[in-house]
Structure formats: C-alpha cells, structure tokens
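Visitor: My structure is below; once you've seen it, I'll send some questions.
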Amino acid sequence: MADEELEALRQQRLAELQAKHGDPSGDPSQQEAKQREAEIRNTILAQVLDQAARARLSNLALVKPDKAKAVENYLIQMARFGQLPGKISEQGLIEILEKVSQQTEKKTTVKFNRRKVLDSDEEDDY
C-alpha cells in the first residue's frame, strides 16, 4: 500500500513539474512552432555569420547559454533591420561579444559597516 501511495505522489509531482516547465511531449503545435522558430534563427545566423564565427558562438552557447542567446538576438535584430554590411567574421563577433559583456556587466560594491566597540578603559584614564 505504501508503494502505491508513493507512486501516486510521484505521478502527481511529475505532472506538476511538466505543467510548470512545459511538457515536451505535450501540445504538438507548440513543439512544431518552437522547432520552426529555431530553424528560422539558425537560417538567419547562417546567413549572417561565417563558419568560424558560428563555431565560436556555438562554443559560447555551451558555456554561457544566456550570453549566447543575447548575442543571437542582437545579430538577428541587426539583420532584420539591415544594419549588417555582410557576413560577420570571428573578429567581428568577438567585438560584439565585448559590447554585450560591457552592457550586461554587473558591478559589485562592498560596503563596510564598522561597529564601534565600547571600551571601558577610556573612562578610567583621567
């Protein structure tokens, strides 16, 4: 009986997680739309980047997917508005990566909060 309850809880939790994060085996139309969008993105990036730049961007996507996605979005937006003169080389992609890094750079600050310590010897030194 405990095994049946445990299995029921597992199934319920699995259903909750799939609903929360999107079920990959769920709605086929959503899955097809995502696949078409990915194909369009890859097509645009193939037209905009040369082979070495594509390789660098795919390596970046393995390490930092958020930054790679931001660069891809930036490149696609520039391509749609016709702001790219031609294919971007690896050096051009490096410059774009530096620009994106500067824009998304987080500045950290350290603040020291010094506490005053009561010293009883100060009062006795007359």
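Naming works like this for the structure tokens: A, B, ... for the chains as they're shown, residue 1 at the start of each chain, ligands 1 onward in shown order.
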Quick one: contact table of stretch 5-73 of chain A to stretch 85-103 of chain A, 9 Å max, nearest atom pair and distance in Å to one decimal per residue, counting only C-alpha atoms, chain and number order, as CSV?
Guide:
```
residue,atom,partner,partner_atom,distance
A:Ala46,CA,A:Lys87,CA,9.0
A:Gln47,CA,A:Lys87,CA,7.0
A:Val48,CA,A:Lys87,CA,4.8
A:Leu49,CA,A:Ile88,CA,4.8
A:Asp50,CA,A:Ser89,CA,5.7
A:Gln51,CA,A:Ser89,CA,8.2
A:Ala52,CA,A:Glu90,CA,5.7
A:Ala53,CA,A:Glu90,CA,4.2
A:Arg54,CA,A:Glu90,CA,8.0
A:Ala55,CA,A:Glu90,CA,8.8
A:Arg56,CA,A:Glu90,CA,7.3
A:Leu57,CA,A:Leu93,CA,8.1
A:Lys67,CA,A:Val100,CA,7.9
A:Ala68,CA,A:Leu97,CA,8.7
A:Ala70,CA,A:Val100,CA,7.8
A:Val71,CA,A:Leu97,CA,6.9
```
Visitor: Per DSSP on the backbone, what are the alpha helix (DSSP H) residues of chain A, as a PyMOL selection string?
Guide: chain A and resi 2-21+28-48+51-63+65-80+90-104
Visitor: For A:Thr104, which residue out of A:Ile76, A:Glu4, A:Asp66, A:Glu16 is the nearest one, using only C-alpha atoms?
Guide: A:Asp66
